[in-house]
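Asker: Pasting final.cif below, which is mmCIF, C-alpha atoms.
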data_structure
#
loop_
_atom_site.label_atom_id
_atom_site.label_comp_id
_atom_site.auth_asym_id
_atom_site.auth_seq_id
_atom_site.Cartn_x
_atom_site.Cartn_y
_atom_site.Cartn_z
CA MET P 1 0.00 0.00 0.00
CA PRO P 2 1.43 3.41 -0.92
CA SER P 3 2.26 5.63 2.04
CA LEU P 4 -0.27 8.15 0.70
CA PHE P 5 -3.07 5.87 1.92
CA ALA P 6 -1.52 4.70 5.19
CA GLN P 7 -3.89 6.89 7.20
CA SER P 8 -6.87 6.50 4.88
CA GLU P 9 -10.27 5.62 6.31
CA LEU P 10 -10.39 3.04 3.49
CA ARG P 11 -7.01 1.47 4.20
CA ASP P 12 -8.51 -1.88 5.22
CA LEU P 13 -10.47 -1.99 1.95
CA ILE P 14 -7.33 -1.11 0.01
CA ASP P 15 -5.63 -4.07 1.68
CA TYR P 16 -8.50 -6.38 0.69
CA VAL P 17 -8.38 -5.21 -2.93
CA GLU P 18 -4.60 -5.58 -3.09
CA LYS P 19 -5.06 -9.18 -1.92
CA GLY P 20 -7.81 -9.84 -4.46
CA GLN P 21 -10.55 -10.24 -1.86
CA ARG P 22 -14.19 -9.47 -2.67
CA LEU P 23 -15.85 -6.51 -0.96
CA ASP P 24 -19.36 -6.63 0.52
CA ALA P 25 -22.28 -4.21 0.75
CA ASP P 26 -20.94 -2.45 3.84
CA ALA P 27 -17.66 -1.81 2.04
CA GLY P 28 -19.60 -0.50 -0.94
CA LEU P 29 -21.47 1.98 1.25
CA ARG P 30 -18.24 3.12 2.88
CA MET P 31 -16.74 3.77 -0.54
CA ILE P 32 -19.71 5.62 -1.98
CA ASN P 33 -19.93 7.83 1.12
CA SER P 34 -16.19 8.48 1.22
CA GLN P 35 -14.56 11.64 -0.11
CA GLU P 36 -11.24 9.86 -0.71
CA ILE P 37 -11.46 9.82 -4.48
CA LEU P 38 -7.75 9.04 -4.95
CA ALA P 39 -8.03 5.95 -2.77
CA LEU P 40 -11.00 4.79 -4.85
CA GLY P 41 -9.04 5.40 -8.04
CA TYR P 42 -6.09 3.46 -6.67
CA MET P 43 -8.25 0.44 -5.83
CA ALA P 44 -10.12 0.57 -9.14
CA ASN P 45 -6.87 0.77 -11.07
CA ILE P 46 -5.55 -2.33 -9.30
CA VAL P 47 -8.57 -4.32 -10.51
CA ARG P 48 -8.43 -2.74 -13.97
CA GLU P 49 -4.76 -3.58 -14.51
CA ARG P 50 -5.14 -7.01 -12.97
CA LYS P 51 -7.72 -7.83 -15.63
CA ASN P 52 -6.55 -5.81 -18.65
CA GLY P 53 -3.08 -4.48 -17.98
CA ASN P 54 -2.47 -1.14 -19.65
CA GLN P 55 -4.90 -1.81 -22.49
CA THR P 56 -7.79 0.52 -23.29
CA PHE P 57 -10.27 -0.87 -25.80
CA TYR P 58 -12.24 0.91 -28.48
CA MET P 59 -14.31 -0.15 -31.48
CA VAL P 60 -14.60 1.41 -34.93
CA ASN P 61 -17.96 2.14 -36.60
CA ARG P 62 -20.18 1.32 -33.67
CA PRO P 63 -23.03 3.86 -33.57
CA VAL P 64 -24.78 4.39 -30.25
CA ASP P 65 -28.57 4.72 -30.29
CA TYR P 66 -28.95 7.58 -27.83
CA ALA P 67 -32.71 7.09 -27.64
CA ASP P 68 -32.17 3.68 -26.06
CA ILE P 69 -29.74 4.70 -23.29
CA ASP P 70 -32.58 5.04 -20.72
CA ALA P 71 -34.31 1.86 -22.05
CA SER P 72 -33.79 -1.73 -20.86
CA PHE P 73 -30.09 -2.35 -21.18
CA ASP P 74 -30.67 -6.09 -21.34
CA GLU P 75 -31.95 -5.53 -24.86
CA ILE P 76 -29.19 -3.27 -26.21
CA GLU P 77 -26.94 -5.05 -28.63
CA LYS P 78 -25.69 -5.18 -26.23
CA ARG P 79 -27.06 -8.86 -24.50
CA SER P 80 -23.43 -9.12 -23.42
CA ILE P 81 -23.36 -5.56 -22.05
CA SER P 82 -24.94 -4.51 -18.76
CA SER P 83 -25.56 -0.88 -17.84
CA MET P 84 -27.11 1.04 -14.99
CA VAL P 85 -28.57 4.54 -15.00
CA TYR P 86 -27.84 6.52 -11.83
CA GLY P 87 -28.45 10.07 -10.62
CA ASN P 88 -32.26 9.96 -10.76
CA GLN P 89 -32.89 10.55 -7.06
CA GLU P 90 -32.00 7.03 -5.97
CA SER P 91 -30.19 6.60 -2.65
CA GLN P 92 -26.55 5.64 -2.23
CA GLU P 93 -27.74 2.37 -0.71
CA GLU P 94 -29.82 1.68 -3.81
CA ARG P 95 -26.84 2.21 -6.10
CA ILE P 96 -24.72 -0.27 -4.18
CA ARG P 97 -27.59 -2.77 -3.95
CA ARG P 98 -28.08 -2.69 -7.72
CA LEU P 99 -24.37 -3.21 -8.36
CA LEU P 100 -24.26 -6.20 -6.03
CA GLN P 101 -27.38 -7.68 -7.62
CA LEU P 102 -25.56 -7.52 -10.95
CA ARG P 103 -22.53 -9.21 -9.39
CA ILE P 104 -24.71 -12.07 -8.15
CA LEU P 105 -26.33 -12.43 -11.57
CA GLN P 106 -22.91 -12.50 -13.22
CA ASP P 107 -21.73 -15.16 -10.77
CA GLN P 108 -24.73 -17.26 -11.76
CA THR P 109 -24.81 -16.72 -15.52
CA LYS P 110 -21.43 -15.38 -16.72
CA GLU P 111 -23.57 -13.55 -19.25
CA PHE P 112 -21.95 -10.13 -19.38
CA LEU P 113 -18.74 -8.96 -21.01
CA ALA P 114 -18.82 -5.42 -19.69
CA PHE P 115 -20.63 -2.96 -17.44
CA SER P 116 -21.28 0.74 -17.92
CA PRO P 117 -22.73 3.14 -15.32
CA ILE P 118 -24.54 5.99 -17.10
CA PRO P 119 -25.80 9.18 -15.41
CA PHE P 120 -29.45 10.06 -15.80
CA TYR P 121 -30.20 12.88 -18.21
CA SER P 122 -33.39 14.46 -19.49
CA GLU P 123 -34.60 13.89 -23.04
CA ASN P 124 -33.41 17.28 -24.26
CA THR P 125 -29.94 17.17 -22.70
CA LYS P 126 -27.01 17.72 -25.04
CA LEU P 127 -24.97 14.52 -24.84
CA GLU P 128 -21.41 15.69 -25.32
CA GLY P 129 -19.79 16.27 -21.96
CA THR P 130 -23.00 15.67 -20.01
CA MET P 131 -21.24 13.52 -17.43
CA GLY P 132 -20.36 16.08 -14.80
CA VAL P 133 -23.20 18.43 -15.75
CA GLY P 134 -26.78 18.52 -14.45
CA THR P 135 -27.83 15.59 -12.30
CA THR P 136 -24.30 14.46 -11.41
CA THR P 137 -20.84 15.97 -11.06
CA GLY P 138 -17.57 14.85 -12.62
CA TYR P 139 -16.44 13.84 -9.13
CA GLU P 140 -19.52 11.67 -8.70
CA ASP P 141 -19.10 10.13 -12.16
CA LEU P 142 -15.49 9.12 -11.50
CA LYS P 143 -16.56 7.71 -8.14
CA MET P 144 -19.29 5.56 -9.74
CA LEU P 145 -16.90 4.26 -12.39
CA ALA P 146 -14.30 3.39 -9.75
CA ILE P 147 -16.75 1.69 -7.37
CA SER P 148 -18.26 -0.26 -10.26
CA ARG P 149 -14.80 -1.56 -11.15
CA ILE P 150 -14.00 -2.47 -7.56
CA LEU P 151 -17.27 -4.24 -6.71
CA LEU P 152 -17.92 -5.94 -10.07
CA ASP P 153 -14.84 -8.12 -9.83
CA ASN P 154 -16.46 -10.75 -12.08
CA PHE P 155 -16.89 -8.34 -15.01
CA ASP P 156 -13.95 -8.20 -17.40
CA HIS P 157 -14.55 -4.65 -18.62
CA ILE P 158 -15.87 -1.30 -17.41
CA LYS P 159 -17.08 0.87 -20.28
CA ALA P 160 -17.56 4.64 -20.47
CA TYR P 161 -18.97 6.72 -23.31
CA TRP P 162 -16.42 9.34 -24.32
CA MET P 163 -19.03 11.60 -25.94
CA MET P 164 -20.75 11.93 -22.56
CA LEU P 165 -17.57 12.30 -20.53
CA GLY P 166 -15.85 14.81 -22.79
CA PRO P 167 -12.15 14.35 -23.62
CA LYS P 168 -10.55 15.36 -20.32
CA LEU P 169 -12.84 13.34 -18.07
CA ALA P 170 -12.56 10.41 -20.51
CA GLN P 171 -8.80 10.44 -20.03
CA ALA P 172 -9.16 10.69 -16.25
CA SER P 173 -11.60 7.77 -16.22
CA LEU P 174 -8.83 5.47 -17.48
CA ALA P 175 -7.22 5.84 -14.04
CA PHE P 176 -10.54 5.13 -12.28
CA GLY P 177 -11.30 1.64 -13.54
CA VAL P 178 -12.39 2.26 -17.14
CA ASP P 179 -10.71 0.10 -19.79
CA ASP P 180 -13.13 0.66 -22.68
CA LEU P 181 -14.13 3.95 -24.32
CA ASP P 182 -17.22 3.55 -26.46
CA GLY P 183 -19.00 5.75 -28.98
CA THR P 184 -19.13 6.41 -32.72
CA VAL P 185 -15.59 6.04 -34.09
CA LEU P 186 -14.86 6.38 -37.81
CA GLU P 187 -12.02 4.64 -39.61
CA GLY P 188 -10.87 7.59 -41.72
CA GLU P 189 -10.16 11.21 -40.98
CA SER P 190 -13.79 12.22 -40.37
CA GLY P 191 -14.40 14.11 -37.20
CA PRO P 192 -11.84 16.24 -35.33
CA LYS P 193 -8.10 15.68 -35.66
CA ALA P 194 -6.02 14.44 -32.78
CA GLY P 195 -5.87 16.91 -29.94
CA VAL P 196 -9.08 18.68 -30.96
CA GLU P 197 -12.24 18.68 -28.82
CA LEU P 198 -14.29 15.54 -29.47
CA SER P 199 -17.78 15.72 -30.94
CA ASN P 200 -20.40 12.97 -31.14
CA THR P 201 -18.34 11.40 -33.95
CA VAL P 202 -14.58 11.05 -33.81
CA SER P 203 -11.86 9.65 -36.04
CA LYS P 204 -10.00 6.56 -34.98
CA ARG P 205 -6.79 8.56 -34.99
CA ALA P 206 -8.18 11.14 -32.55
CA LEU P 207 -9.43 8.53 -30.09
CA ILE P 208 -6.14 6.63 -30.18
CA HIS P 209 -4.35 9.91 -29.48
CA LEU P 210 -6.64 10.62 -26.51
CA ILE P 211 -5.97 7.16 -25.05
CA GLN P 212 -2.23 7.32 -25.57
CA LYS P 213 -1.94 10.80 -24.04
CA ALA P 214 -3.51 9.30 -20.90
CA GLY P 215 -0.63 6.79 -20.79
CA ARG P 216 -2.63 3.80 -21.98
CA ASP P 217 -2.27 1.40 -24.90
CA ALA P 218 -5.09 1.77 -27.44
CA VAL P 219 -6.42 -1.60 -28.60
CA GLU P 220 -9.10 -2.04 -31.27
CA ARG P 221 -11.67 -4.72 -30.46
CA ASP P 222 -14.72 -6.34 -31.99
CA SER P 223 -18.16 -6.67 -30.35
CA GLN P 224 -16.99 -9.67 -28.31
CA TYR P 225 -13.84 -7.93 -27.06
CA ARG P 226 -11.62 -9.93 -29.35
CA ILE P 227 -8.56 -7.91 -30.30
CA ARG P 228 -8.42 -6.98 -33.96
CA LYS P 229 -5.10 -7.86 -35.52
CA PHE P 230 -3.63 -6.18 -38.56
CA ASN P 231 -1.04 -7.27 -41.10
#
Could you rewrite the structure in this file as structure tokens?

Answerer:
Amino acid sequence: MPSLFAQSELRDLIDYVEKGQRLDADAGLRMINSQEILALGYMANIVRERKNGNQTFYMVNRPVDYADIDASFDEIEKRSISSMVYGNQESQEERIRRLLQLRILQDQTKEFLAFSPIPFYSENTKLEGTMGVGTTTGYEDLKMLAISRILLDNFDHIKAYWMMLGPKLAQASLAFGVDDLDGTVLEGESGPKAGVELSNTVSKRALIHLIQKAGRDAVERDSQYRIRKFN
């Protein structure tokens, strides 16, 4: 354990995560009520790198149907993807309970490849950069991503939507448990160039640049998280 967290109120949980031990509902509530965001990021990154190393996954030409984001996530594609909307006046206890219910279901079925927590937004909300605006804050969004990664130890991937995070928070999320950035990515030079603010459509080059500038290895995947190989 780094000396930075030696006096942390979460130091016992950090020790459990470092040892690969599963955390329970009480631990989940302690984390979601804690203000120690760096400790949460540290724990989430341990789980992230234990499962996926330094890799950050993305997929080319995968449009997102925004109208379905508040629908039943069991039906999106996306049978192998589980998501949870938060920030719609539910309690902290309810958030943790729903995450642990998903963990139990995954233990029983092994059905899901990835999980994505998505903040609630109204029908007329502009999507780009909405995480951190309105019903939730950027701090809260990073906390939910980190806690999801820590508690859902039987999920291989934690996914975030870069067009909702915005570029800076998307990069930060890669240190808080996220190993997959999803959204509409085009193969060619459509969309903004590398280093330019992302829109709802981005070029492959720009997303790779964003991932690499965050110190991660960009890896193209298919819908089943198989790595795409090139000659």

Asker: Report, in Å to a single decimal, how far apart atom CA of Tyr121 of chain P and atom CA of His209 of chain P are.

Answerer: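 Calculated distance between atom CA of His209 of chain P and atom CA of Tyr121 of chain P is 28.4 Å.
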
Asker: With all atoms listed in the file as the atoms that count, which of P:Ser148, P:Gln21, P:Thr201, P:Ser82 lies nearest to Ala114 of chain P?

Answerer: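 Looking only at the distances to Ala114 of chain P, the closest residue turns out to be P:Ser82.
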
Asker: Rounded to one decimal in Å, what is the spacing between atom CA of Ile96 of chain P and atom CA of Ala25 of chain P?

Answerer: 6.8 Å

Asker: So, counting only C-alpha atoms, which residue among P:Thr109, P:Gln55, P:Ser116, P:Asn33 is closest to Arg221 of chain P?

Answerer: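 Between P:Thr109, P:Gln55, P:Ser116, P:Asn33, the residue approaching Arg221 of chain P most closely is P:Gln55.
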
Asker: In terms of the shortest atom-to-atom distance over only C-alpha atoms, which of P:Tyr139, P:Phe176, P:Phe120, P:Phe155 is closest to Arg103 of chain P?

Answerer: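 Checking each of P:Tyr139, P:Phe176, P:Phe120, P:Phe155 against Arg103 of chain P, counting only C-alpha atoms, the winner is P:Phe155.
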
Asker: How many Å lie between atom CA of Ser91 of chain P and atom CA of Leu10 of chain P, rounded to one decimal?

Answerer: 21.0 Å

Asker: Run through the PyMOL selection byres ((chain P and resi 22) around 12) on the given coordinates and return the selected residues as a PyMOL selection string.

Answerer: chain P and resi 13-21+23-28+43+47+100+103+149-154

Asker: With all atoms listed in the file as the basis for distance, which of P:Met144, P:Val60, P:Leu113, P:Ile81 is at the shortest distance from Ala206 of chain P?

Answerer: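 Checking each candidate against Ala206 of chain P, we get P:Val60 as the closest.
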
Asker: Under the PyMOL selection byres ((chain P and resi 160) around 8), which residues of this model are included? Write them out as a ChimeraX atom specification.

Answerer: /P:116-118,158-159,161-162,165,170,173,178,180-182

Asker: Using only C-alpha atoms and a cutoff of 6 Å, can you tell me which residues are near (-6.5, 0.6, -29.8) in the file's coordinates, and write them out as an NGL selection string?

Answerer: :P and (57-58 or 218-220)

Asker: Leaving out Leu40 of chain P and any residue of its chain fewer than 4 positions from it, which residues lie within 8 Å of it when counting only C-alpha atoms, given as a VMD selection string?

Answerer: chain P and resid 31 36 44 143 146 to 147 176

Asker: Could the residues in this selection be written to a file with C-alpha atoms, as a JSON list (two decimals), in the frame of the given file?

Answerer:
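Once everything was written out, this is part_29.json:
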[["chain", "number", "residue", "atom", "x", "y", "z"],
["P", 31, "MET", "CA", -16.74, 3.77, -0.54],
["P", 36, "GLU", "CA", -11.24, 9.86, -0.71],
["P", 44, "ALA", "CA", -10.12, 0.57, -9.14],
["P", 143, "LYS", "CA", -16.56, 7.71, -8.14],
["P", 146, "ALA", "CA", -14.30, 3.39, -9.75],
["P", 147, "ILE", "CA", -16.75, 1.69, -7.37],
["P", 176, "PHE", "CA", -10.54, 5.13, -12.28]]

Asker: If we count all atoms listed in the file and set the cut-off at 7 Å, which residues sit around Asn45 of chain P, ignoring sequence neighbours fewer than 4 positions away in its own chain? Please answer as number ranges by chain.

Answerer: P: 41, 49, 175-177

Asker: If we count all atoms listed in the file, what is near Gln171 of chain P at a cut-off of 8 Å, once residues fewer than 4 positions away on the same chain are taken out, given as a ChimeraX atom specification?

Answerer: /P:167,175,210-211,213-214

Asker: Could you write out that same residue set with C-alpha atoms as a short mmCIF file (atom, residue, chain, number, x, y, z; two decimals), keeping the file's coordinate frame?

Answerer:
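Final output, saved to selection_7.cif:
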data_model
loop_
_atom_site.label_atom_id
_atom_site.label_comp_id
_atom_site.auth_asym_id
_atom_site.auth_seq_id
_atom_site.Cartn_x
_atom_site.Cartn_y
_atom_site.Cartn_z
CA PRO P 167 -12.15 14.35 -23.62
CA ALA P 175 -7.22 5.84 -14.04
CA LEU P 210 -6.64 10.62 -26.51
CA ILE P 211 -5.97 7.16 -25.05
CA LYS P 213 -1.94 10.80 -24.04
CA ALA P 214 -3.51 9.30 -20.90
#

Asker: Which is closest to Arg228 of chain P among P:Ile46, P:Val185, P:Leu29, P:Met59, if we use only C-alpha atoms?

Answerer: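 For Arg228 of chain P, the nearest of the candidates is P:Met59.
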
Asker: Kindly indicate which residue among P:Arg50, P:Leu174, P:Pro2, P:Gln92 lies nearest to Ser34 of chain P, using all atoms listed in the file for the distances.

Answerer: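 Once distances to Ser34 of chain P are computed over all atoms listed in the file, the minimum belongs to P:Gln92.
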